[in-house]
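What's in entry-v4.tsv: TSV, C-alpha atoms
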chain	number	residue	atom	x	y	z
R	1	MET	CA	1.88	-6.13	10.17
R	2	ASN	CA	0.71	-5.40	13.69
R	3	PRO	CA	-3.06	-5.07	14.16
R	4	LEU	CA	-4.22	-1.46	13.94
R	5	THR	CA	-7.00	0.38	15.70
R	6	GLU	CA	-9.23	3.08	14.30
R	7	ASN	CA	-7.59	5.68	16.56
R	8	GLN	CA	-4.09	4.68	15.46
R	9	ILE	CA	-5.05	5.03	11.81
R	10	ARG	CA	-6.89	8.33	12.16
R	11	SER	CA	-4.04	9.92	14.14
R	12	SER	CA	-1.33	8.76	11.71
R	13	PHE	CA	-2.33	10.48	8.46
R	14	LEU	CA	0.50	12.53	7.02
R	15	ASN	CA	-1.14	14.27	4.08
R	16	ILE	CA	-4.67	15.20	5.14
R	17	SER	CA	-6.20	17.36	7.84
R	18	LYS	CA	-7.45	15.95	11.13
R	19	GLY	CA	-11.01	16.65	9.94
R	20	ASP	CA	-10.47	14.69	6.72
R	21	ALA	CA	-8.90	11.87	8.72
R	22	LYS	CA	-11.97	11.81	10.97
R	23	ARG	CA	-14.31	11.62	7.94
R	24	ALA	CA	-12.37	8.82	6.21
R	25	VAL	CA	-14.35	5.60	5.98
R	26	LEU	CA	-12.22	2.78	7.39
R	27	PRO	CA	-12.51	-0.91	6.56
R	28	ASP	CA	-13.74	-3.44	9.11
R	29	LEU	CA	-10.47	-3.89	11.00
R	30	SER	CA	-11.72	-7.04	12.74
R	31	GLN	CA	-11.79	-8.83	9.37
R	32	ILE	CA	-8.13	-8.18	8.48
R	33	THR	CA	-5.58	-11.01	8.50
R	34	TRP	CA	-2.79	-8.85	9.86
R	35	GLU	CA	0.05	-11.38	9.90
R	36	GLU	CA	-0.14	-11.71	6.11
R	37	ARG	CA	0.04	-7.95	5.40
R	38	ASP	CA	2.84	-5.52	4.85
R	39	TYR	CA	0.45	-2.60	4.57
R	40	LEU	CA	-3.28	-1.97	4.72
R	41	GLY	CA	-4.87	-0.40	1.66
R	42	TRP	CA	-8.54	0.36	1.08
R	43	GLN	CA	-11.01	2.43	-0.90
R	44	ASP	CA	-13.33	4.92	0.77
R	45	ALA	CA	-16.81	3.38	0.51
R	46	ARG	CA	-18.53	6.77	0.26
R	47	ARG	CA	-16.02	8.50	-2.02
R	48	PRO	CA	-14.70	5.92	-4.50
R	49	LEU	CA	-11.91	8.13	-5.85
R	50	LEU	CA	-10.29	8.27	-2.41
R	51	HIS	CA	-8.04	5.48	-1.24
R	52	TYR	CA	-5.86	5.08	1.80
R	53	VAL	CA	-2.80	3.12	2.84
R	54	ALA	CA	-1.40	2.48	6.31
R	55	LEU	CA	2.06	1.05	6.83
R	56	GLU	CA	4.93	1.09	9.22
R	57	VAL	CA	7.86	3.32	8.26
R	58	ASP	CA	10.93	3.49	10.48
R	59	GLY	CA	8.99	1.98	13.38
R	60	GLU	CA	6.09	4.45	13.14
R	61	LEU	CA	2.64	4.07	11.61
R	62	ALA	CA	2.14	6.28	8.56
R	63	CYS	CA	-1.16	6.67	6.73
R	64	LEU	CA	-1.66	8.37	3.38
R	65	LEU	CA	-4.57	9.54	1.31
R	66	LEU	CA	-4.30	8.48	-2.33
R	67	ARG	CA	-6.49	9.77	-5.11
R	68	GLY	CA	-7.42	7.30	-7.81
R	69	SER	CA	-8.66	7.90	-11.32
R	70	SER	CA	-12.27	7.76	-12.40
R	71	THR	CA	-11.27	6.09	-15.68
R	72	VAL	CA	-9.92	2.58	-16.02
R	73	THR	CA	-7.01	2.30	-18.38
R	74	SER	CA	-6.46	-0.71	-20.60
R	75	THR	CA	-2.72	-0.13	-20.42
R	76	LYS	CA	-1.03	-2.67	-18.19
R	77	MET	CA	1.25	-1.19	-15.56
R	78	LEU	CA	3.73	-2.77	-13.22
R	79	CYS	CA	3.01	-2.14	-9.57
R	80	ALA	CA	5.80	0.05	-8.22
R	81	TRP	CA	5.53	-1.54	-4.78
R	82	CYS	CA	5.34	-5.33	-5.25
R	83	GLN	CA	6.58	-5.42	-8.86
R	84	ASP	CA	4.45	-8.51	-9.45
R	85	VAL	CA	3.28	-9.34	-12.95
R	86	ILE	CA	2.02	-12.88	-12.29
R	87	ASP	CA	-1.29	-12.22	-10.57
R	88	GLY	CA	-3.07	-10.54	-13.46
R	89	VAL	CA	-4.58	-7.75	-11.36
R	90	HIS	CA	-3.81	-4.46	-13.02
R	91	ALA	CA	-1.91	-1.75	-11.26
R	92	ALA	CA	-3.63	1.62	-11.12
R	93	SER	CA	-2.33	5.16	-10.96
R	94	PHE	CA	-2.62	6.89	-7.62
R	95	VAL	CA	-1.65	10.40	-6.60
R	96	ALA	CA	-0.81	11.38	-3.03
R	97	PRO	CA	-0.91	14.99	-1.89
R	98	LEU	CA	2.40	15.92	-0.32
R	99	ALA	CA	2.57	16.42	3.43
R	100	GLY	CA	2.55	19.90	4.92
R	101	GLU	CA	2.41	23.24	3.15
R	102	ALA	CA	3.40	21.75	-0.24
R	103	GLY	CA	0.33	19.50	-0.18
R	104	ARG	CA	-1.93	22.35	0.87
R	105	ARG	CA	-0.70	24.22	-2.23
R	106	GLY	CA	-1.79	21.25	-4.36
R	107	ASN	CA	1.54	19.53	-4.93
R	108	SER	CA	1.43	15.77	-5.19
R	109	ILE	CA	3.41	12.70	-6.17
R	110	GLY	CA	2.14	9.71	-8.11
R	111	THR	CA	2.78	6.00	-8.38
R	112	ALA	CA	1.25	2.79	-9.69
R	113	ILE	CA	0.00	0.31	-7.09
R	114	CYS	CA	-2.04	-2.87	-7.43
R	115	ALA	CA	-5.62	-1.70	-7.91
R	116	ASP	CA	-6.87	-4.10	-5.23
R	117	PHE	CA	-3.97	-3.32	-2.85
R	118	GLY	CA	-3.03	-7.00	-3.02
R	119	CYS	CA	0.72	-6.49	-2.93
R	120	SER	CA	1.14	-8.49	0.29
R	121	ARG	CA	-0.62	-11.44	-1.33
R	122	ASN	CA	1.44	-11.07	-4.49
R	123	VAL	CA	4.83	-11.19	-2.78
R	124	ARG	CA	3.74	-14.31	-0.86
R	125	ARG	CA	2.35	-16.13	-3.89
R	126	ALA	CA	3.32	-19.66	-4.81
R	127	PRO	CA	6.44	-19.92	-6.95
R	128	THR	CA	6.04	-19.77	-10.72
R	129	ALA	CA	7.08	-22.65	-12.98
R	130	VAL	CA	10.35	-20.86	-13.70
R	131	GLU	CA	11.02	-20.36	-10.01
R	132	LEU	CA	10.22	-24.02	-9.34
R	133	ARG	CA	13.16	-25.05	-11.50
R	134	ALA	CA	15.22	-24.28	-8.46
R	135	ALA	CA	14.51	-27.40	-6.43
R	136	ASP	CA	16.15	-25.96	-3.33
R	137	PRO	CA	13.39	-24.96	-0.86
R	138	ALA	CA	15.80	-22.61	0.90
R	139	LEU	CA	16.38	-20.73	-2.37
R	140	LEU	CA	12.64	-20.44	-3.00
R	141	GLU	CA	12.13	-19.10	0.52
R	142	TYR	CA	15.00	-16.66	0.01
R	143	HIS	CA	13.34	-15.27	-3.14
R	144	ARG	CA	10.01	-14.96	-1.31
R	145	GLU	CA	11.67	-13.08	1.56
R	146	GLN	CA	13.39	-10.81	-0.97
R	147	ARG	CA	10.03	-9.98	-2.58
R	148	ILE	CA	8.56	-9.15	0.84
R	149	ALA	CA	11.55	-6.99	1.78
R	150	GLY	CA	11.36	-5.19	-1.58
R	151	LEU	CA	7.66	-4.40	-1.09
R	152	ARG	CA	8.33	-3.00	2.38
R	153	ALA	CA	11.26	-0.90	1.18
R	154	ARG	CA	9.53	0.54	-1.89
R	155	SER	CA	6.28	1.37	-0.07
R	156	ALA	CA	8.21	3.02	2.78
R	157	ASP	CA	10.25	5.02	0.24
R	158	PHE	CA	7.01	6.35	-1.25
R	159	VAL	CA	5.81	7.48	2.18
R	160	ARG	CA	9.16	9.19	2.80
R	161	ALA	CA	8.84	10.97	-0.55
R	162	VAL	CA	5.40	12.29	0.46
R	163	GLN	CA	6.85	13.52	3.74
R	164	ARG	CA	9.99	15.27	2.50
R	165	ARG	CA	8.93	17.07	-0.66

Same coordinates, now as structure tokens:
Amino acid sequence: MNPLTENQIRSSFLNISKGDAKRAVLPDLSQITWEERDYLGWQDARRPLLHYVALEVDGELACLLLRGSSTVTSTKMLCAWCQDVIDGVHAASFVAPLAGEAGRRGNSIGTAICADFGCSRNVRRAPTAVELRAADPALLEYHREQRIAGLRARSADFVRAVQRR
């Protein structure tokens, strides 16, 4: 992922007003390891039920507000974006208001994403014991690249769904 600036993020929100984008609490962007990320996800430090994601979709930066739940579920969910079950971090339910008039009327779309937004780490993880049975390093790298491509495609599809509904 290319490094982002505060202005880029604030001007790229699709599903909140400019005022809400201005009030969003951003993470310390200087502390981000950008080359190891497919998207940036964070929790609003002042409003813990609000979360945000920023990712590139079709060559453009797109940022979304996500609303989390105040209750933690004991039910294990598969992250819809990275589809990783190895890490042990639970996925959480998030709801994104739709873009435009539909979102202003209260319409939204939901998904399950890693609660710590660690999808980029998960798709780059070391191979599992089962995956290591394939001794071919090229095959292991191919599977890693497929996991990364899948994360990028599924997260971009979610953004497109927020935009078009």

Residue with smallest distance to Arg37 in chain R - pool R:Arg10, R:Arg124, R:His90, R:Lys22, counting all atoms listed in the file: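 When distances to Arg37 in chain R are compared using all atoms listed in the file, the smallest one comes from R:Arg124.
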
Selected residue of minimal separation from Ala156 in chain R among R:Glu101, R:Asp136, R:Asp84, R:Glu60, counting all atoms listed in the file: R:Glu60

Best match for closeness to Ser69 in chain R among R:Gln83, R:Ser108, R:Ala92, R:Ala126, counting only C-alpha atoms: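 Result for the nearest residue to Ser69 in chain R: R:Ala92.
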
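CA of Phe13 in chain R is found 8.3 Å from CA of Ala54 in chain R.
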
Shell of 7 Å around Ala99 in chain R, only C-alpha atoms, local chain residues under 5 positions omitted, as JSON, numbers by chain: {"R": [14, 15, 162, 163]}

Non-local contacts of Arg47 in chain R (10 Å; all atoms listed in the file; under 4 positions in same chain excluded) as a PyMOL selection string: chain R and resi 24-25+43+51

Å distance separating CA of Arg144 in chain R from CA of Val159 in chain R, one decimal place: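 Interatomic distance, CA of Arg144 in chain R to CA of Val159 in chain R: 23.1 Å.
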
Please write out, as lines of an AutoDock Vina configuration file, where the centre of an axis-aligned box around all listed atoms of range 30-46 of chain R lies and how long its edges are, in Å to one decimal, after adding 3 Å on each side.
center_x = -7.8
center_y = -2.5
center_z = 5.9
size_x = 27.4
size_y = 24.5
size_z = 19.6

Neighbour list for Leu4 in chain R as a PyMOL selection string, cut-off 9 Å, all atoms listed in the file, skip fewer than 5 positions in-chain: chain R and resi 9+29+34

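Nearest to Ala102 in chain R of all the residues R:Leu139, R:Leu26, R:Cys114, R:Arg164 is R:Arg164, based on all atoms listed in the file.
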
Selection near Leu55 in chain R, 6 Å with only C-alpha atoms, sequence-local residues under 4 positions removed, as an MDAnalysis selection string: chainID R and resid 39 61:62

d(CA of Gln146 in chain R, CA of Trp81 in chain R) in Å: 12.7 Å

Residue nearest Ser11 in chain R - candidates R:Ala149, R:Ala115, R:Ala161, R:Leu64, atoms counted: only C-alpha atoms: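 Result for the nearest residue to Ser11 in chain R: R:Leu64.
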
Protein/DNA/RNA residues near (5.3, 8.3, -10.4), cut 9 Å, all atoms listed in the file, as an MDAnalysis selection string: chainID R and resid 80 93:95 109:112

Close residues, Ala153 in chain R itself excluded, 10 Å, all atoms listed in the file, min 4 positions apart in chain, as a VMD selection string: chain R and resid 57 81 to 82 147 to 149 157 to 158

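Taking only C-alpha atoms into account, Ile32 in chain R lies nearest to R:Pro3 out of the set R:Pro48, R:Pro3, R:Gly150, R:Pro137.
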